[in-house]
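Asker: Coordinates in structure12.csv, CSV, C-alpha atoms, are listed below.
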```csv
chain,number,residue,atom,x,y,z
A,1,MET,CA,-153.0,166.0,73.0
A,2,SER,CA,-154.0,164.0,69.8
A,3,LEU,CA,-155.6,160.6,69.8
A,4,GLU,CA,-152.3,159.0,68.6
A,5,GLU,CA,-150.3,160.4,71.4
A,6,GLU,CA,-152.8,159.0,73.9
A,7,GLU,CA,-152.5,155.5,72.6
A,8,ARG,CA,-148.7,155.4,72.9
A,9,PRO,CA,-147.5,153.5,76.0
A,10,SER,CA,-145.4,155.5,78.4
A,11,GLY,CA,-143.7,152.6,80.1
A,12,PRO,CA,-142.6,149.0,79.3
A,13,VAL,CA,-144.8,147.2,76.7
A,14,GLU,CA,-145.8,143.5,77.4
A,15,ASN,CA,-146.2,142.6,73.7
A,16,ALA,CA,-144.1,144.9,71.5
A,17,TRP,CA,-145.2,142.9,68.4
A,18,ALA,CA,-148.8,144.0,69.0
A,19,TYR,CA,-147.9,147.7,69.0
A,20,LYS,CA,-148.7,149.4,65.8
A,21,ILE,CA,-145.8,151.5,64.5
A,22,PRO,CA,-147.0,154.8,63.0
A,23,GLU,CA,-146.4,155.2,59.2
A,24,PHE,CA,-143.5,157.5,58.2
A,25,LYS,CA,-145.0,160.3,56.1
A,26,GLN,CA,-143.6,163.2,54.1
A,27,GLU,CA,-144.7,165.6,56.8
A,28,ASP,CA,-142.3,163.9,59.2
A,29,ASN,CA,-139.3,165.0,57.1
A,30,PRO,CA,-140.3,168.1,55.2
A,31,HIS,CA,-136.7,169.2,54.4
A,32,GLY,CA,-135.7,166.0,52.6
A,33,MET,CA,-132.3,164.5,52.6
A,34,LEU,CA,-129.0,166.3,53.2
A,35,GLU,CA,-126.8,163.9,51.2
A,36,GLU,CA,-127.4,161.6,48.3
A,37,SER,CA,-126.8,157.8,48.6
A,38,LYS,CA,-126.6,155.2,45.9
A,39,PHE,CA,-126.4,151.4,45.7
A,40,ALA,CA,-125.6,149.2,42.7
A,41,THR,CA,-125.9,145.5,42.2
A,42,LEU,CA,-124.9,143.2,39.3
A,43,PHE,CA,-127.2,140.9,37.5
A,44,PRO,CA,-126.6,137.8,35.3
A,45,ARG,CA,-126.9,138.1,31.6
A,46,TYR,CA,-130.0,135.8,31.4
A,47,ARG,CA,-132.0,138.4,33.5
A,48,GLU,CA,-131.3,141.2,31.0
A,49,LYS,CA,-134.4,140.6,28.9
A,50,TYR,CA,-136.8,140.5,31.8
A,51,LEU,CA,-135.3,143.6,33.4
A,52,LYS,CA,-135.6,145.6,30.2
A,53,GLU,CA,-139.2,144.6,30.0
A,54,CYS,CA,-140.1,145.7,33.6
A,55,TRP,CA,-137.7,148.6,34.0
A,56,LYS,CA,-140.3,151.3,33.2
A,57,LEU,CA,-142.4,149.9,36.1
A,58,VAL,CA,-139.4,149.9,38.4
A,59,GLN,CA,-138.7,153.5,37.5
A,60,ALA,CA,-142.3,154.6,38.0
A,61,LYS,CA,-142.5,152.9,41.4
A,62,LEU,CA,-139.2,154.4,42.7
A,63,ASN,CA,-140.1,157.8,41.3
A,64,GLU,CA,-143.1,157.8,43.8
A,65,PHE,CA,-140.4,157.9,46.5
A,66,ASN,CA,-138.3,160.5,44.7
A,67,LEU,CA,-135.6,157.9,43.9
A,68,LYS,CA,-133.7,157.6,40.6
A,69,CYS,CA,-132.7,154.3,39.1
A,70,GLU,CA,-130.5,153.2,36.2
A,71,LEU,CA,-130.2,150.0,34.2
A,72,ASP,CA,-126.7,149.5,32.6
A,73,LEU,CA,-127.0,146.7,30.2
A,74,VAL,CA,-123.3,147.0,29.1
A,75,GLU,CA,-122.0,146.6,32.6
A,76,GLY,CA,-124.8,144.4,33.8
A,77,SER,CA,-125.7,146.5,36.8
A,78,MET,CA,-128.7,148.2,38.4
A,79,THR,CA,-128.3,151.4,40.5
A,80,VAL,CA,-130.7,153.1,42.8
A,81,MET,CA,-130.0,156.6,44.2
A,82,THR,CA,-131.7,159.2,46.4
A,83,THR,CA,-132.4,162.7,45.3
A,84,ARG,CA,-132.7,165.9,47.3
A,85,LYS,CA,-136.5,165.6,47.3
A,86,CYS,CA,-136.4,162.1,48.9
A,87,TRP,CA,-138.0,162.3,52.3
A,88,ASP,CA,-137.9,158.7,53.6
A,89,PRO,CA,-134.4,157.9,54.9
A,90,TYR,CA,-134.9,154.2,54.9
A,91,ILE,CA,-136.4,153.9,51.4
A,92,ILE,CA,-132.9,153.6,49.8
A,93,ILE,CA,-132.3,150.4,51.8
A,94,LYS,CA,-135.6,149.0,50.7
A,95,ALA,CA,-134.9,150.0,47.1
A,96,ARG,CA,-131.4,148.3,47.3
A,97,ASP,CA,-133.1,145.1,48.6
A,98,MET,CA,-135.6,145.3,45.7
A,99,ILE,CA,-132.9,145.5,43.0
A,100,LYS,CA,-131.0,142.6,44.7
A,101,LEU,CA,-134.2,140.5,44.5
A,102,LEU,CA,-134.7,141.4,40.9
A,103,ALA,CA,-131.1,140.4,40.1
A,104,ARG,CA,-131.8,137.0,41.8
A,105,SER,CA,-134.8,136.1,39.6
A,106,VAL,CA,-137.6,137.3,41.9
A,107,PRO,CA,-140.5,138.5,39.8
A,108,TYR,CA,-141.2,142.3,39.9
A,109,GLU,CA,-144.5,141.9,41.6
A,110,GLN,CA,-142.9,140.0,44.5
A,111,ALA,CA,-139.8,142.2,44.7
A,112,LEU,CA,-142.0,145.3,44.9
A,113,LYS,CA,-143.3,144.1,48.3
A,114,VAL,CA,-140.0,144.9,50.1
A,115,LEU,CA,-140.8,148.6,49.6
A,116,GLU,CA,-143.7,148.2,52.1
A,117,ASP,CA,-143.1,148.7,55.8
A,118,ASP,CA,-144.5,145.4,56.9
A,119,HIS,CA,-142.4,143.3,54.4
A,120,GLY,CA,-138.8,142.4,54.1
A,121,GLY,CA,-136.5,140.3,52.0
A,122,ASP,CA,-133.4,138.3,52.7
A,123,ILE,CA,-131.1,136.3,50.4
A,124,ILE,CA,-129.8,133.1,52.0
A,125,LYS,CA,-126.8,131.5,50.4
A,126,ILE,CA,-127.2,127.7,50.5
A,127,GLY,CA,-124.2,126.7,48.4
A,128,ASN,CA,-122.0,125.5,51.3
A,129,ILE,CA,-124.7,123.8,53.2
A,130,VAL,CA,-124.3,120.0,53.3
```
Go ahead and render the structure in this file as structure tokens.
Answerer:
Amino acid sequence: MSLEEEERPSGPVENAWAYKIPEFKQEDNPHGMLEESKFATLFPRYREKYLKECWKLVQAKLNEFNLKCELDLVEGSMTVMTTRKCWDPYIIIKARDMIKLLARSVPYEQALKVLEDDHGGDIIKIGNIV
């Protein structure tokens, strides 16, 4: 029995927020993904210059997770997709959230944080709030 298995509670937990969730590693899914997934999002024309400047950084970061990404300046869209080598099943959702934030004028350094396990991002539409 390893040290990590000994620390896991076997019954109800009083404070679930205090429980440390183990990090998902490549060894946890050695065979990769069975299917490929992809998400696309549109961005406004005024974001085109900034996205062209930081796109190499986006590609390099997503390549660490074996994800592919495309920037289509003609259509005004960004696409992220998994590959067969991708091992984290939830990283495509995080990457989708990252490109949505980039499309909404969030700087690259801040949008990158949603790829981490302890961060998230939401877009709240406030147009109809009086």
Asker: Which of these residues is nearest to Asp88 (chain A), using all atoms listed in the file: A:Tyr108, A:Phe39, A:Phe24, A:Tyr50?
Answerer: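 With all atoms listed in the file as the atom set, the closest residue is A:Phe24.
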Asker: Of the residues A:Met78, A:Asp117, A:Arg84, A:Leu112, which is the one nearest to Leu42 (chain A), using only C-alpha atoms?
Answerer: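 Once distances to Leu42 (chain A) are computed over only C-alpha atoms, the minimum belongs to A:Met78.
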Asker: What is the CA of Gly127 (chain A) to CA of Arg47 (chain A) distance in Å?
Answerer: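 It comes out at 20.5 Å.
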Asker: Given the choices A:Lys56, A:Lys25, A:Lys20, A:Lys100, which gets closest to Ala40 (chain A) if the distance is worked out from all atoms listed in the file?
Answerer: A:Lys100
Asker: Show which residues sit within 8 Å of Ser77 (chain A), as a ChimeraX atom specification. Count only C-alpha atoms, and ignore same-chain residues fewer than 4 positions away.
Answerer: /A:40-43,71-73
Asker: Excluding Thr82 (chain A) and any residue of its chain fewer than 5 positions from it, enumerate the residues within 6 Å of it, using only C-alpha atoms, and give them as a list in words.
Answerer: Glu36, Ser37 and Leu67 of chain A
Asker: Do you have the CA of Ile93 (chain A)-CA of Thr79 (chain A) distance handy?
Answerer: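 Between CA of Ile93 (chain A) and CA of Thr79 (chain A) the gap works out to 12.0 Å.
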Asker: By how many Å are CA of Pro30 (chain A) and CA of Trp87 (chain A) apart?
Answerer: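 Result for CA of Pro30 (chain A) versus CA of Trp87 (chain A): 6.9 Å, one decimal.
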Asker: Pick out the closest residue to Gln26 (chain A) from this set: A:Pro89, A:Ala60, A:Leu51, A:Ser10. Count only C-alpha atoms.
Answerer: A:Pro89
Asker: May I ask which of the residues A:Glu27, A:Pro107, A:Leu101, A:Thr83 is the closest one to Glu53 (chain A), counting all atoms listed in the file?
Answerer: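 Ranked by minimum distance to Glu53 (chain A), first place goes to A:Pro107.
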Asker: From the options A:Ala16, A:Ile124, A:Leu102, A:Asn29, which residue's atoms come nearest to Lys85 (chain A), counting only C-alpha atoms?
Answerer: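 Once distances to Lys85 (chain A) are computed over only C-alpha atoms, the minimum belongs to A:Asn29.
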Asker: List the spatial neighbours of Pro44 (chain A) as an MDAnalysis selection string - criterion: any atom at most 8 Å away, all atoms listed in the file, same-chain residues fewer than 4 positions off excluded.
Answerer: chainID A and resid 48 76 103
Asker: Those selected residues, please, written with C-alpha atoms and delivered as a short mmCIF file (atom, residue, chain, number, x, y, z; two decimals), in the coordinates of the input.
Answerer:
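Wrote again.cif, looks like this:
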```cif
data_model
loop_
_atom_site.label_atom_id
_atom_site.label_comp_id
_atom_site.auth_asym_id
_atom_site.auth_seq_id
_atom_site.Cartn_x
_atom_site.Cartn_y
_atom_site.Cartn_z
CA GLU A 48 -131.30 141.20 31.00
CA GLY A 76 -124.80 144.40 33.80
CA ALA A 103 -131.10 140.40 40.10
#
```
Asker: Need the shell around Gly121 (chain A): protein/DNA/RNA residues with any atom at most 9 Å away, counting all atoms listed in the file. Skip same-chain ones fewer than 4 positions apart. Format as a PyMOL selection string?
Answerer: chain A and resi 94+97-98+101+111+113-114
Asker: Quick one: region 80-103 of chain A with N, CA and C atoms, as a compact mmCIF listing (two decimals), in the first residue's frame?
Answerer:
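For reference, decode-v5.txt as written:
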```
# COMPACT_ATOMS: atom_id res chain seq x y z
N VAL A 80 -9.13 24.27 -31.68
CA VAL A 80 -8.24 23.37 -30.93
C VAL A 80 -8.75 21.96 -31.14
N MET A 81 -7.81 21.01 -31.25
CA MET A 81 -8.21 19.63 -31.46
C MET A 81 -7.23 18.68 -30.78
N THR A 82 -7.75 17.54 -30.37
CA THR A 82 -6.90 16.53 -29.74
C THR A 82 -6.19 15.74 -30.83
N THR A 83 -5.18 15.01 -30.41
CA THR A 83 -4.49 14.07 -31.29
C THR A 83 -4.57 12.69 -30.64
N ARG A 84 -4.09 11.69 -31.31
CA ARG A 84 -4.09 10.34 -30.74
C ARG A 84 -3.12 10.24 -29.57
N LYS A 85 -2.13 11.11 -29.52
CA LYS A 85 -1.14 11.07 -28.44
C LYS A 85 -1.62 11.79 -27.18
N CYS A 86 -2.71 12.52 -27.28
CA CYS A 86 -3.23 13.28 -26.13
C CYS A 86 -3.66 12.30 -25.04
N TRP A 87 -3.23 12.54 -23.82
CA TRP A 87 -3.49 11.60 -22.73
C TRP A 87 -4.46 12.13 -21.68
N ASP A 88 -4.66 13.45 -21.61
CA ASP A 88 -5.56 14.05 -20.61
C ASP A 88 -6.93 14.27 -21.26
N PRO A 89 -7.97 13.56 -20.82
CA PRO A 89 -9.26 13.69 -21.48
C PRO A 89 -9.94 15.05 -21.26
N TYR A 90 -9.57 15.78 -20.22
CA TYR A 90 -10.24 17.05 -19.93
C TYR A 90 -9.50 18.25 -20.51
N ILE A 91 -8.29 18.05 -21.03
CA ILE A 91 -7.49 19.18 -21.51
C ILE A 91 -8.14 19.87 -22.71
N ILE A 92 -8.93 19.15 -23.50
CA ILE A 92 -9.58 19.78 -24.64
C ILE A 92 -10.63 20.80 -24.18
N ILE A 93 -11.29 20.52 -23.07
CA ILE A 93 -12.27 21.48 -22.51
C ILE A 93 -11.53 22.71 -21.99
N LYS A 94 -10.41 22.50 -21.34
CA LYS A 94 -9.61 23.63 -20.85
C LYS A 94 -9.07 24.45 -22.01
N ALA A 95 -8.63 23.79 -23.08
CA ALA A 95 -8.12 24.50 -24.26
C ALA A 95 -9.24 25.28 -24.94
N ARG A 96 -10.44 24.71 -24.97
CA ARG A 96 -11.59 25.43 -25.53
C ARG A 96 -11.86 26.70 -24.74
N ASP A 97 -11.81 26.59 -23.42
CA ASP A 97 -12.02 27.76 -22.57
C ASP A 97 -10.92 28.80 -22.80
N MET A 98 -9.70 28.35 -23.02
CA MET A 98 -8.59 29.27 -23.26
C MET A 98 -8.80 30.07 -24.54
N ILE A 99 -9.21 29.41 -25.63
CA ILE A 99 -9.40 30.18 -26.87
C ILE A 99 -10.63 31.08 -26.80
N LYS A 100 -11.62 30.68 -26.01
CA LYS A 100 -12.77 31.58 -25.80
C LYS A 100 -12.34 32.84 -25.07
N LEU A 101 -11.47 32.68 -24.07
CA LEU A 101 -10.98 33.85 -23.34
C LEU A 101 -10.11 34.73 -24.24
N LEU A 102 -9.27 34.12 -25.07
CA LEU A 102 -8.46 34.90 -26.00
C LEU A 102 -9.33 35.68 -26.97
N ALA A 103 -10.44 35.09 -27.39
CA ALA A 103 -11.36 35.78 -28.30
C ALA A 103 -12.07 36.94 -27.61
```
